[in-house]
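Below is the file run_23.cif, which contains mmCIF, N, CA and C atoms.
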data_model
#
loop_
_atom_site.label_atom_id
_atom_site.label_comp_id
_atom_site.auth_asym_id
_atom_site.auth_seq_id
_atom_site.Cartn_x
_atom_site.Cartn_y
_atom_site.Cartn_z
N MET A 148 -187.58 8.13 -35.18
CA MET A 148 -186.47 7.44 -34.56
C MET A 148 -186.67 7.46 -33.05
N TYR A 149 -186.67 6.28 -32.49
CA TYR A 149 -186.99 6.13 -31.09
C TYR A 149 -185.91 6.69 -30.17
N ASN A 150 -184.60 6.43 -30.44
CA ASN A 150 -183.49 6.91 -29.61
C ASN A 150 -182.61 7.90 -30.38
N ALA A 151 -183.20 8.75 -31.17
CA ALA A 151 -182.45 9.67 -32.02
C ALA A 151 -181.58 10.61 -31.21
N ARG A 152 -182.04 11.00 -30.03
CA ARG A 152 -181.24 11.95 -29.25
C ARG A 152 -179.96 11.32 -28.71
N TYR A 153 -179.85 9.99 -28.73
CA TYR A 153 -178.62 9.30 -28.32
C TYR A 153 -177.82 8.80 -29.52
N ILE A 154 -178.51 8.34 -30.53
CA ILE A 154 -177.85 7.74 -31.69
C ILE A 154 -177.14 8.79 -32.54
N ILE A 155 -177.77 9.88 -32.85
CA ILE A 155 -177.17 10.90 -33.72
C ILE A 155 -175.93 11.51 -33.07
N PRO A 156 -175.94 11.95 -31.80
CA PRO A 156 -174.69 12.42 -31.20
C PRO A 156 -173.62 11.33 -31.11
N GLY A 157 -174.06 10.09 -30.92
CA GLY A 157 -173.11 8.97 -30.88
C GLY A 157 -172.42 8.78 -32.22
N ILE A 158 -173.19 8.87 -33.29
CA ILE A 158 -172.62 8.75 -34.64
C ILE A 158 -171.67 9.91 -34.92
N ILE A 159 -172.07 11.12 -34.54
CA ILE A 159 -171.22 12.29 -34.76
C ILE A 159 -169.92 12.14 -33.96
N LEU A 160 -170.02 11.70 -32.72
CA LEU A 160 -168.83 11.50 -31.89
C LEU A 160 -167.92 10.42 -32.49
N PHE A 161 -168.52 9.34 -32.98
CA PHE A 161 -167.74 8.28 -33.63
C PHE A 161 -166.99 8.80 -34.85
N VAL A 162 -167.68 9.57 -35.69
CA VAL A 162 -167.05 10.11 -36.91
C VAL A 162 -165.91 11.05 -36.53
N VAL A 163 -166.13 11.89 -35.53
CA VAL A 163 -165.07 12.82 -35.10
C VAL A 163 -163.86 12.04 -34.59
N ILE A 164 -164.07 11.07 -33.70
CA ILE A 164 -162.96 10.28 -33.15
C ILE A 164 -162.27 9.49 -34.26
N PHE A 165 -163.04 8.93 -35.17
CA PHE A 165 -162.47 8.13 -36.24
C PHE A 165 -161.63 8.96 -37.20
N THR A 166 -162.00 10.23 -37.43
CA THR A 166 -161.28 11.06 -38.41
C THR A 166 -160.19 11.93 -37.79
N VAL A 167 -160.03 11.94 -36.46
CA VAL A 167 -158.99 12.75 -35.83
C VAL A 167 -157.59 12.46 -36.39
N PRO A 168 -157.17 11.19 -36.56
CA PRO A 168 -155.83 10.96 -37.12
C PRO A 168 -155.64 11.58 -38.50
N PHE A 169 -156.67 11.58 -39.31
CA PHE A 169 -156.57 12.19 -40.63
C PHE A 169 -156.40 13.70 -40.54
N TRP A 170 -157.14 14.34 -39.64
CA TRP A 170 -157.03 15.78 -39.46
C TRP A 170 -155.67 16.16 -38.90
N ILE A 171 -155.17 15.37 -37.97
CA ILE A 171 -153.84 15.63 -37.42
C ILE A 171 -152.78 15.52 -38.51
N ASN A 172 -152.92 14.51 -39.36
CA ASN A 172 -151.97 14.31 -40.45
C ASN A 172 -152.02 15.46 -41.45
N ILE A 173 -153.18 15.97 -41.73
CA ILE A 173 -153.32 17.08 -42.66
C ILE A 173 -152.71 18.36 -42.07
N CYS A 174 -152.86 18.56 -40.77
CA CYS A 174 -152.42 19.81 -40.14
C CYS A 174 -150.94 19.82 -39.76
N THR A 175 -150.28 18.68 -39.73
CA THR A 175 -148.86 18.66 -39.36
C THR A 175 -148.00 18.99 -40.58
N PRO A 176 -146.85 19.62 -40.36
CA PRO A 176 -145.99 19.96 -41.49
C PRO A 176 -145.46 18.68 -42.16
N GLU A 177 -145.16 18.81 -43.43
CA GLU A 177 -144.66 17.68 -44.20
C GLU A 177 -143.28 17.26 -43.70
N TYR A 178 -143.02 15.97 -43.71
CA TYR A 178 -141.74 15.44 -43.26
C TYR A 178 -140.62 15.92 -44.18
N SER A 179 -139.53 16.37 -43.58
CA SER A 179 -138.37 16.73 -44.38
C SER A 179 -137.20 15.87 -43.93
N ARG A 180 -136.58 15.25 -44.89
CA ARG A 180 -135.46 14.36 -44.62
C ARG A 180 -134.28 15.18 -44.11
N PRO A 181 -133.60 14.73 -43.06
CA PRO A 181 -132.45 15.48 -42.56
C PRO A 181 -131.31 15.45 -43.56
N GLU A 182 -130.54 16.52 -43.58
CA GLU A 182 -129.38 16.59 -44.46
C GLU A 182 -128.24 15.80 -43.82
N LEU A 183 -127.80 14.77 -44.49
CA LEU A 183 -126.73 13.93 -43.97
C LEU A 183 -125.42 14.27 -44.63
N VAL A 184 -124.36 14.07 -43.90
CA VAL A 184 -123.02 14.24 -44.45
C VAL A 184 -122.64 12.91 -45.08
N LEU A 185 -122.73 12.85 -46.40
CA LEU A 185 -122.42 11.60 -47.11
C LEU A 185 -120.92 11.47 -47.28
N PRO A 186 -120.42 10.24 -47.34
CA PRO A 186 -118.99 10.06 -47.54
C PRO A 186 -118.54 10.58 -48.90
N ALA A 187 -117.26 10.89 -49.00
CA ALA A 187 -116.72 11.44 -50.24
C ALA A 187 -116.90 10.48 -51.39
N GLU A 188 -116.58 9.21 -51.17
CA GLU A 188 -116.78 8.23 -52.22
C GLU A 188 -118.20 7.69 -52.12
N LYS A 189 -118.91 7.71 -53.23
CA LYS A 189 -120.32 7.31 -53.19
C LYS A 189 -120.48 5.88 -53.68
N ASP A 190 -119.59 5.01 -53.26
CA ASP A 190 -119.59 3.63 -53.69
C ASP A 190 -120.17 2.76 -52.58
N CYS A 191 -121.50 2.80 -52.44
CA CYS A 191 -122.16 2.04 -51.38
C CYS A 191 -122.53 0.67 -51.91
N ILE A 192 -122.93 -0.21 -51.01
CA ILE A 192 -123.24 -1.58 -51.43
C ILE A 192 -124.47 -1.66 -52.32
N GLU A 193 -125.40 -0.72 -52.14
CA GLU A 193 -126.62 -0.65 -52.95
C GLU A 193 -126.89 0.82 -53.27
N PRO A 194 -127.82 1.12 -54.19
CA PRO A 194 -128.16 2.52 -54.50
C PRO A 194 -128.65 3.27 -53.26
N VAL A 195 -128.45 4.58 -53.24
CA VAL A 195 -128.74 5.41 -52.07
C VAL A 195 -130.20 5.31 -51.64
N GLU A 196 -131.14 5.44 -52.56
CA GLU A 196 -132.56 5.39 -52.18
C GLU A 196 -132.92 4.03 -51.58
N TYR A 197 -132.35 2.98 -52.12
CA TYR A 197 -132.60 1.64 -51.57
C TYR A 197 -132.04 1.53 -50.16
N MET A 198 -130.84 2.07 -49.95
CA MET A 198 -130.22 2.00 -48.62
C MET A 198 -131.00 2.83 -47.60
N ARG A 199 -131.54 3.97 -48.01
CA ARG A 199 -132.35 4.78 -47.08
C ARG A 199 -133.54 3.99 -46.57
N ALA A 200 -134.16 3.24 -47.44
CA ALA A 200 -135.37 2.51 -47.06
C ALA A 200 -135.08 1.16 -46.43
N GLU A 201 -134.02 0.50 -46.84
CA GLU A 201 -133.83 -0.91 -46.47
C GLU A 201 -132.57 -1.21 -45.67
N HIS A 202 -131.84 -0.20 -45.18
CA HIS A 202 -130.55 -0.49 -44.53
C HIS A 202 -130.72 -1.35 -43.28
N MET A 203 -131.78 -1.15 -42.53
CA MET A 203 -131.94 -1.94 -41.31
C MET A 203 -132.28 -3.40 -41.65
N ARG A 204 -133.06 -3.61 -42.69
CA ARG A 204 -133.37 -4.98 -43.11
C ARG A 204 -132.08 -5.67 -43.58
N ILE A 205 -131.24 -4.94 -44.33
CA ILE A 205 -129.98 -5.51 -44.80
C ILE A 205 -129.09 -5.86 -43.60
N LEU A 206 -129.00 -4.96 -42.62
CA LEU A 206 -128.17 -5.23 -41.46
C LEU A 206 -128.68 -6.43 -40.66
N ASN A 207 -129.99 -6.58 -40.55
CA ASN A 207 -130.56 -7.75 -39.86
C ASN A 207 -130.26 -9.03 -40.63
N GLU A 208 -130.37 -8.96 -41.97
CA GLU A 208 -130.05 -10.14 -42.79
C GLU A 208 -128.56 -10.47 -42.67
N TRP A 209 -127.71 -9.44 -42.65
CA TRP A 209 -126.27 -9.67 -42.48
C TRP A 209 -125.99 -10.35 -41.15
N ARG A 210 -126.63 -9.86 -40.09
CA ARG A 210 -126.43 -10.46 -38.77
C ARG A 210 -126.79 -11.94 -38.79
N ASP A 211 -127.96 -12.26 -39.36
CA ASP A 211 -128.39 -13.65 -39.40
C ASP A 211 -127.47 -14.49 -40.27
N ALA A 212 -127.07 -13.95 -41.43
CA ALA A 212 -126.21 -14.71 -42.34
C ALA A 212 -124.84 -14.96 -41.72
N ALA A 213 -124.27 -13.95 -41.09
CA ALA A 213 -122.92 -14.10 -40.53
C ALA A 213 -122.91 -14.96 -39.28
N LEU A 214 -123.82 -14.71 -38.36
CA LEU A 214 -123.78 -15.41 -37.08
C LEU A 214 -124.45 -16.77 -37.11
N ARG A 215 -125.51 -16.91 -37.85
CA ARG A 215 -126.26 -18.17 -37.82
C ARG A 215 -125.88 -19.12 -38.95
N ASP A 216 -125.55 -18.53 -40.12
CA ASP A 216 -125.26 -19.36 -41.29
C ASP A 216 -123.77 -19.41 -41.64
N GLY A 217 -122.97 -18.55 -41.04
CA GLY A 217 -121.54 -18.52 -41.33
C GLY A 217 -121.21 -17.89 -42.67
N LYS A 218 -122.17 -17.24 -43.29
CA LYS A 218 -121.95 -16.58 -44.59
C LYS A 218 -121.33 -15.22 -44.33
N ARG A 219 -120.21 -14.92 -44.96
CA ARG A 219 -119.50 -13.67 -44.69
C ARG A 219 -119.35 -12.78 -45.92
N VAL A 220 -120.04 -13.11 -47.02
CA VAL A 220 -119.93 -12.30 -48.24
C VAL A 220 -121.34 -11.95 -48.70
N TYR A 221 -121.55 -10.65 -48.99
CA TYR A 221 -122.82 -10.15 -49.51
C TYR A 221 -122.64 -9.85 -50.99
N ILE A 222 -123.53 -10.35 -51.80
CA ILE A 222 -123.49 -10.08 -53.24
C ILE A 222 -124.58 -9.06 -53.53
N ALA A 223 -124.17 -7.87 -53.95
CA ALA A 223 -125.09 -6.76 -54.21
C ALA A 223 -125.87 -7.01 -55.49
N THR A 224 -126.88 -6.18 -55.73
CA THR A 224 -127.71 -6.34 -56.93
C THR A 224 -126.92 -6.12 -58.21
N ASP A 225 -125.80 -5.38 -58.14
CA ASP A 225 -124.98 -5.17 -59.33
C ASP A 225 -123.90 -6.24 -59.47
N GLY A 226 -123.89 -7.24 -58.59
CA GLY A 226 -122.96 -8.35 -58.69
C GLY A 226 -121.68 -8.20 -57.89
N ARG A 227 -121.43 -7.01 -57.34
CA ARG A 227 -120.22 -6.82 -56.54
C ARG A 227 -120.34 -7.58 -55.23
N GLN A 228 -119.18 -7.97 -54.69
CA GLN A 228 -119.16 -8.70 -53.43
C GLN A 228 -118.61 -7.80 -52.33
N TRP A 229 -119.25 -7.87 -51.15
CA TRP A 229 -118.86 -7.08 -50.00
C TRP A 229 -118.74 -7.99 -48.79
N ASP A 230 -117.81 -7.66 -47.90
CA ASP A 230 -117.73 -8.38 -46.64
C ASP A 230 -118.94 -8.03 -45.79
N ILE A 231 -119.53 -9.02 -45.17
CA ILE A 231 -120.64 -8.78 -44.25
C ILE A 231 -120.03 -8.36 -42.93
N ASN A 232 -119.90 -7.05 -42.74
CA ASN A 232 -119.24 -6.53 -41.56
C ASN A 232 -119.64 -5.07 -41.37
N LEU A 233 -120.36 -4.79 -40.30
CA LEU A 233 -120.83 -3.42 -40.05
C LEU A 233 -119.66 -2.47 -39.89
N GLN A 234 -118.69 -2.83 -39.08
CA GLN A 234 -117.61 -1.90 -38.76
C GLN A 234 -116.61 -1.75 -39.90
N ASN A 235 -116.29 -2.81 -40.60
CA ASN A 235 -115.27 -2.71 -41.65
C ASN A 235 -115.84 -2.38 -43.03
N THR A 236 -117.10 -2.66 -43.26
CA THR A 236 -117.69 -2.34 -44.55
C THR A 236 -118.44 -1.02 -44.49
N CYS A 237 -119.43 -0.93 -43.62
CA CYS A 237 -120.27 0.28 -43.54
C CYS A 237 -119.51 1.45 -42.92
N MET A 238 -118.94 1.21 -41.75
CA MET A 238 -118.31 2.30 -41.00
C MET A 238 -116.96 2.71 -41.59
N SER A 239 -116.45 2.00 -42.59
CA SER A 239 -115.22 2.45 -43.23
C SER A 239 -115.48 3.69 -44.08
N CYS A 240 -116.70 3.82 -44.60
CA CYS A 240 -117.07 5.03 -45.36
C CYS A 240 -117.85 6.01 -44.50
N HIS A 241 -118.80 5.50 -43.75
CA HIS A 241 -119.64 6.34 -42.89
C HIS A 241 -118.97 6.45 -41.53
N THR A 242 -117.87 7.19 -41.49
CA THR A 242 -117.01 7.21 -40.31
C THR A 242 -117.55 8.06 -39.17
N ASP A 243 -118.34 9.07 -39.46
CA ASP A 243 -118.83 9.96 -38.40
C ASP A 243 -120.23 9.54 -38.00
N LYS A 244 -120.32 8.76 -36.94
CA LYS A 244 -121.60 8.24 -36.47
C LYS A 244 -122.57 9.36 -36.10
N VAL A 245 -122.08 10.42 -35.46
CA VAL A 245 -122.95 11.51 -35.04
C VAL A 245 -123.54 12.23 -36.25
N ALA A 246 -122.71 12.55 -37.23
CA ALA A 246 -123.17 13.30 -38.40
C ALA A 246 -123.99 12.44 -39.36
N PHE A 247 -123.75 11.14 -39.37
CA PHE A 247 -124.45 10.30 -40.33
C PHE A 247 -125.59 9.52 -39.68
N CYS A 248 -125.27 8.60 -38.80
CA CYS A 248 -126.29 7.71 -38.21
C CYS A 248 -127.23 8.47 -37.27
N ASP A 249 -126.65 9.16 -36.30
CA ASP A 249 -127.46 9.77 -35.24
C ASP A 249 -128.37 10.87 -35.77
N THR A 250 -127.95 11.61 -36.77
CA THR A 250 -128.78 12.68 -37.32
C THR A 250 -130.11 12.13 -37.82
N CYS A 251 -130.06 11.09 -38.58
CA CYS A 251 -131.28 10.52 -39.15
C CYS A 251 -132.08 9.77 -38.09
N HIS A 252 -131.41 8.98 -37.28
CA HIS A 252 -132.12 8.21 -36.26
C HIS A 252 -132.79 9.12 -35.24
N ASP A 253 -132.14 10.19 -34.82
CA ASP A 253 -132.74 11.12 -33.86
C ASP A 253 -133.94 11.84 -34.47
N THR A 254 -133.82 12.24 -35.74
CA THR A 254 -134.93 12.93 -36.41
C THR A 254 -136.16 12.03 -36.48
N ASN A 255 -135.95 10.74 -36.68
CA ASN A 255 -137.05 9.80 -36.83
C ASN A 255 -137.41 9.07 -35.54
N SER A 256 -136.79 9.48 -34.43
CA SER A 256 -137.05 8.87 -33.11
C SER A 256 -136.86 7.36 -33.14
N VAL A 257 -135.73 6.95 -33.70
CA VAL A 257 -135.40 5.53 -33.79
C VAL A 257 -134.18 5.27 -32.91
N THR A 258 -134.22 4.20 -32.15
CA THR A 258 -133.09 3.82 -31.31
C THR A 258 -132.57 2.47 -31.78
N PRO A 259 -131.58 2.45 -32.67
CA PRO A 259 -131.07 1.17 -33.15
C PRO A 259 -130.26 0.48 -32.05
N TYR A 260 -130.18 -0.81 -32.14
CA TYR A 260 -129.46 -1.58 -31.13
C TYR A 260 -128.13 -2.11 -31.66
N CYS A 261 -127.59 -1.48 -32.70
CA CYS A 261 -126.32 -1.91 -33.29
C CYS A 261 -125.20 -1.92 -32.26
N TRP A 262 -125.18 -0.88 -31.42
CA TRP A 262 -124.05 -0.67 -30.52
C TRP A 262 -124.19 -1.46 -29.23
N ASP A 263 -125.23 -2.29 -29.15
CA ASP A 263 -125.31 -3.21 -28.01
C ASP A 263 -124.22 -4.29 -28.14
N CYS A 264 -123.91 -4.65 -29.38
CA CYS A 264 -122.89 -5.69 -29.63
C CYS A 264 -121.62 -5.11 -30.23
N HIS A 265 -121.76 -4.15 -31.14
CA HIS A 265 -120.61 -3.58 -31.83
C HIS A 265 -119.99 -2.45 -31.02
N ILE A 266 -118.73 -2.21 -31.28
CA ILE A 266 -118.03 -1.10 -30.62
C ILE A 266 -118.42 0.18 -31.33
N GLU A 267 -118.94 1.12 -30.55
CA GLU A 267 -119.38 2.40 -31.13
C GLU A 267 -118.17 3.20 -31.59
N PRO A 268 -118.19 3.70 -32.84
CA PRO A 268 -117.06 4.49 -33.33
C PRO A 268 -116.90 5.78 -32.52
N GLN A 269 -115.67 6.13 -32.26
CA GLN A 269 -115.37 7.34 -31.51
C GLN A 269 -115.38 8.53 -32.45
N THR A 270 -116.05 9.60 -32.04
CA THR A 270 -116.10 10.82 -32.83
C THR A 270 -114.83 11.61 -32.56
N ALA A 271 -114.24 12.14 -33.62
CA ALA A 271 -113.01 12.91 -33.49
C ALA A 271 -113.30 14.17 -32.67
N PRO A 272 -112.37 14.60 -31.79
CA PRO A 272 -112.61 15.82 -31.01
C PRO A 272 -112.65 17.04 -31.93
N ALA A 273 -113.40 18.04 -31.50
CA ALA A 273 -113.55 19.26 -32.29
C ALA A 273 -112.22 19.99 -32.40
N ALA A 274 -112.00 20.63 -33.53
CA ALA A 274 -110.77 21.37 -33.75
C ALA A 274 -110.67 22.53 -32.75
N GLY A 275 -109.52 22.77 -32.22
CA GLY A 275 -109.31 23.87 -31.30
C GLY A 275 -109.67 23.51 -29.87
N GLY A 276 -110.04 22.25 -29.65
CA GLY A 276 -110.41 21.83 -28.30
C GLY A 276 -109.16 21.65 -27.44
N ALA A 277 -109.36 21.49 -26.17
CA ALA A 277 -108.24 21.31 -25.23
C ALA A 277 -107.60 19.96 -25.45
N LYS A 278 -106.27 19.93 -25.48
CA LYS A 278 -105.53 18.69 -25.65
C LYS A 278 -105.18 18.13 -24.30
N GLN A 279 -105.23 16.83 -24.23
CA GLN A 279 -104.91 16.18 -22.95
C GLN A 279 -103.58 15.50 -23.03
#
Give the structure from the file, written as structure tokens.
Amino acid sequence: MYNARYIIPGIILFVVIFTVPFWINICTPEYSRPELVLPAEKDCIEPVEYMRAEHMRILNEWRDAALRDGKRVYIATDGRQWDINLQNTCMSCHTDKVAFCDTCHDTNSVTPYCWDCHIEPQTAPAAGGAKQ
């Protein structure tokens, strides 16, 4: 091999750089889903596992359907009908934004833009706090 002293270290360096993401993934602890405070009534628009994976897609579709198409009713996979409304449909059950939304979004380093347009729900003051 004419340039073996350059080619072999180059190949080794390439393999090391190429496999670093795999080694990092193997060495990092496994992802653990944050414990969320679920609402008392478990009557959501779709099954829980589906909502965990697809809630943002559903909210984007709701936004487009309500604002662009004028459609205000969502028909779930089980045939039930729901109002397309973040604050009156979703937030009527998931009332504590900090305990529900923020816990999961902060854990996953996600910054949703829901509250750019919608009014952010107010968190109830802690018990025993100072009254004004």
Can you list every residue in region 189-272 of chain A that DSSP puts in helix (DSSP H, G or I), as a PyMOL selection string? chain A and resi 195-214+233-237+245-254+261-263
Could you turn the residues from that selection into a file that holds N, CA and C atoms, as an mmCIF file, in the coordinates of the input?
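Okay, again-v4.cif is ready:
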data_model
loop_
_atom_site.group_PDB
_atom_site.id
_atom_site.type_symbol
_atom_site.label_atom_id
_atom_site.label_comp_id
_atom_site.auth_asym_id
_atom_site.auth_seq_id
_atom_site.Cartn_x
_atom_site.Cartn_y
_atom_site.Cartn_z
ATOM 1 N N VAL A 195 -128.450 4.580 -53.240
ATOM 2 C CA VAL A 195 -128.740 5.410 -52.070
ATOM 3 C C VAL A 195 -130.200 5.310 -51.640
ATOM 4 N N GLU A 196 -131.140 5.440 -52.560
ATOM 5 C CA GLU A 196 -132.560 5.390 -52.180
ATOM 6 C C GLU A 196 -132.920 4.030 -51.580
ATOM 7 N N TYR A 197 -132.350 2.980 -52.120
ATOM 8 C CA TYR A 197 -132.600 1.640 -51.570
ATOM 9 C C TYR A 197 -132.040 1.530 -50.160
ATOM 10 N N MET A 198 -130.840 2.070 -49.950
ATOM 11 C CA MET A 198 -130.220 2.000 -48.620
ATOM 12 C C MET A 198 -131.000 2.830 -47.600
ATOM 13 N N ARG A 199 -131.540 3.970 -48.010
ATOM 14 C CA ARG A 199 -132.350 4.780 -47.080
ATOM 15 C C ARG A 199 -133.540 3.990 -46.570
ATOM 16 N N ALA A 200 -134.160 3.240 -47.440
ATOM 17 C CA ALA A 200 -135.370 2.510 -47.060
ATOM 18 C C ALA A 200 -135.080 1.160 -46.430
ATOM 19 N N GLU A 201 -134.020 0.500 -46.840
ATOM 20 C CA GLU A 201 -133.830 -0.910 -46.470
ATOM 21 C C GLU A 201 -132.570 -1.210 -45.670
ATOM 22 N N HIS A 202 -131.840 -0.200 -45.180
ATOM 23 C CA HIS A 202 -130.550 -0.490 -44.530
ATOM 24 C C HIS A 202 -130.720 -1.350 -43.280
ATOM 25 N N MET A 203 -131.780 -1.150 -42.530
ATOM 26 C CA MET A 203 -131.940 -1.940 -41.310
ATOM 27 C C MET A 203 -132.280 -3.400 -41.650
ATOM 28 N N ARG A 204 -133.060 -3.610 -42.690
ATOM 29 C CA ARG A 204 -133.370 -4.980 -43.110
ATOM 30 C C ARG A 204 -132.080 -5.670 -43.580
ATOM 31 N N ILE A 205 -131.240 -4.940 -44.330
ATOM 32 C CA ILE A 205 -129.980 -5.510 -44.800
ATOM 33 C C ILE A 205 -129.090 -5.860 -43.600
ATOM 34 N N LEU A 206 -129.000 -4.960 -42.620
ATOM 35 C CA LEU A 206 -128.170 -5.230 -41.460
ATOM 36 C C LEU A 206 -128.680 -6.430 -40.660
ATOM 37 N N ASN A 207 -129.990 -6.580 -40.550
ATOM 38 C CA ASN A 207 -130.560 -7.750 -39.860
ATOM 39 C C ASN A 207 -130.260 -9.030 -40.630
ATOM 40 N N GLU A 208 -130.370 -8.960 -41.970
ATOM 41 C CA GLU A 208 -130.050 -10.140 -42.790
ATOM 42 C C GLU A 208 -128.560 -10.470 -42.670
ATOM 43 N N TRP A 209 -127.710 -9.440 -42.650
ATOM 44 C CA TRP A 209 -126.270 -9.670 -42.480
ATOM 45 C C TRP A 209 -125.990 -10.350 -41.150
ATOM 46 N N ARG A 210 -126.630 -9.860 -40.090
ATOM 47 C CA ARG A 210 -126.430 -10.460 -38.770
ATOM 48 C C ARG A 210 -126.790 -11.940 -38.790
ATOM 49 N N ASP A 211 -127.960 -12.260 -39.360
ATOM 50 C CA ASP A 211 -128.390 -13.650 -39.400
ATOM 51 C C ASP A 211 -127.470 -14.490 -40.270
ATOM 52 N N ALA A 212 -127.070 -13.950 -41.430
ATOM 53 C CA ALA A 212 -126.210 -14.710 -42.340
ATOM 54 C C ALA A 212 -124.840 -14.960 -41.720
ATOM 55 N N ALA A 213 -124.270 -13.950 -41.090
ATOM 56 C CA ALA A 213 -122.920 -14.100 -40.530
ATOM 57 C C ALA A 213 -122.910 -14.960 -39.280
ATOM 58 N N LEU A 214 -123.820 -14.710 -38.360
ATOM 59 C CA LEU A 214 -123.780 -15.410 -37.080
ATOM 60 C C LEU A 214 -124.450 -16.770 -37.110
ATOM 61 N N LEU A 233 -120.360 -4.790 -40.300
ATOM 62 C CA LEU A 233 -120.830 -3.420 -40.050
ATOM 63 C C LEU A 233 -119.660 -2.470 -39.890
ATOM 64 N N GLN A 234 -118.690 -2.830 -39.080
ATOM 65 C CA GLN A 234 -117.610 -1.900 -38.760
ATOM 66 C C GLN A 234 -116.610 -1.750 -39.900
ATOM 67 N N ASN A 235 -116.290 -2.810 -40.600
ATOM 68 C CA ASN A 235 -115.270 -2.710 -41.650
ATOM 69 C C ASN A 235 -115.840 -2.380 -43.030
ATOM 70 N N THR A 236 -117.100 -2.660 -43.260
ATOM 71 C CA THR A 236 -117.690 -2.340 -44.550
ATOM 72 C C THR A 236 -118.440 -1.020 -44.490
ATOM 73 N N CYS A 237 -119.430 -0.930 -43.620
ATOM 74 C CA CYS A 237 -120.270 0.280 -43.540
ATOM 75 C C CYS A 237 -119.510 1.450 -42.920
ATOM 76 N N VAL A 245 -122.080 10.420 -35.460
ATOM 77 C CA VAL A 245 -122.950 11.510 -35.040
ATOM 78 C C VAL A 245 -123.540 12.230 -36.250
ATOM 79 N N ALA A 246 -122.710 12.550 -37.230
ATOM 80 C CA ALA A 246 -123.170 13.300 -38.400
ATOM 81 C C ALA A 246 -123.990 12.440 -39.360
ATOM 82 N N PHE A 247 -123.750 11.140 -39.370
ATOM 83 C CA PHE A 247 -124.450 10.300 -40.330
ATOM 84 C C PHE A 247 -125.590 9.520 -39.680
ATOM 85 N N CYS A 248 -125.270 8.600 -38.800
ATOM 86 C CA CYS A 248 -126.290 7.710 -38.210
ATOM 87 C C CYS A 248 -127.230 8.470 -37.270
ATOM 88 N N ASP A 249 -126.650 9.160 -36.300
ATOM 89 C CA ASP A 249 -127.460 9.770 -35.240
ATOM 90 C C ASP A 249 -128.370 10.870 -35.770
ATOM 91 N N THR A 250 -127.950 11.610 -36.770
ATOM 92 C CA THR A 250 -128.780 12.680 -37.320
ATOM 93 C C THR A 250 -130.110 12.130 -37.820
ATOM 94 N N CYS A 251 -130.060 11.090 -38.580
ATOM 95 C CA CYS A 251 -131.280 10.520 -39.150
ATOM 96 C C CYS A 251 -132.080 9.770 -38.090
ATOM 97 N N HIS A 252 -131.410 8.980 -37.280
ATOM 98 C CA HIS A 252 -132.120 8.210 -36.260
ATOM 99 C C HIS A 252 -132.790 9.120 -35.240
ATOM 100 N N ASP A 253 -132.140 10.190 -34.820
ATOM 101 C CA ASP A 253 -132.740 11.120 -33.860
ATOM 102 C C ASP A 253 -133.940 11.840 -34.470
ATOM 103 N N THR A 254 -133.820 12.240 -35.740
ATOM 104 C CA THR A 254 -134.930 12.930 -36.410
ATOM 105 C C THR A 254 -136.160 12.030 -36.480
ATOM 106 N N CYS A 261 -127.590 -1.480 -32.700
ATOM 107 C CA CYS A 261 -126.320 -1.910 -33.290
ATOM 108 C C CYS A 261 -125.200 -1.920 -32.260
ATOM 109 N N TRP A 262 -125.180 -0.880 -31.420
ATOM 110 C CA TRP A 262 -124.050 -0.670 -30.520
ATOM 111 C C TRP A 262 -124.190 -1.460 -29.230
ATOM 112 N N ASP A 263 -125.230 -2.290 -29.150
ATOM 113 C CA ASP A 263 -125.310 -3.210 -28.010
ATOM 114 C C ASP A 263 -124.220 -4.290 -28.140
#
Computed interatomic separation between atom N of Glu193 (chain A) and atom N of Ala223 (chain A) (Å): 7.5 Å
Using only N, CA and C atoms, can you tell me which of A:Val184, A:Leu214, A:Glu201, A:Tyr149 comes closest to Val245 (chain A)?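 Of all the options, A:Val184 lies closest to Val245 (chain A).
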Quick one: which residues end up in the PyMOL selection byres (((chain A and resi 226-234 and name CA) around 9) and name CA) for this structure, as number ranges by chain? A: 192, 206, 209-210, 212-213, 218-225, 235-239, 261, 265-268
Which centre and edge lengths in Å to one decimal define the box along x, y and z that fits every listed atom of region 240-246 of chain A plus 3 Å per side, as lines of an AutoDock Vina configuration file?
center_x = -120.3
center_y = 8.6
center_z = -40.2
size_x = 13.3
size_y = 15.5
size_z = 16.3
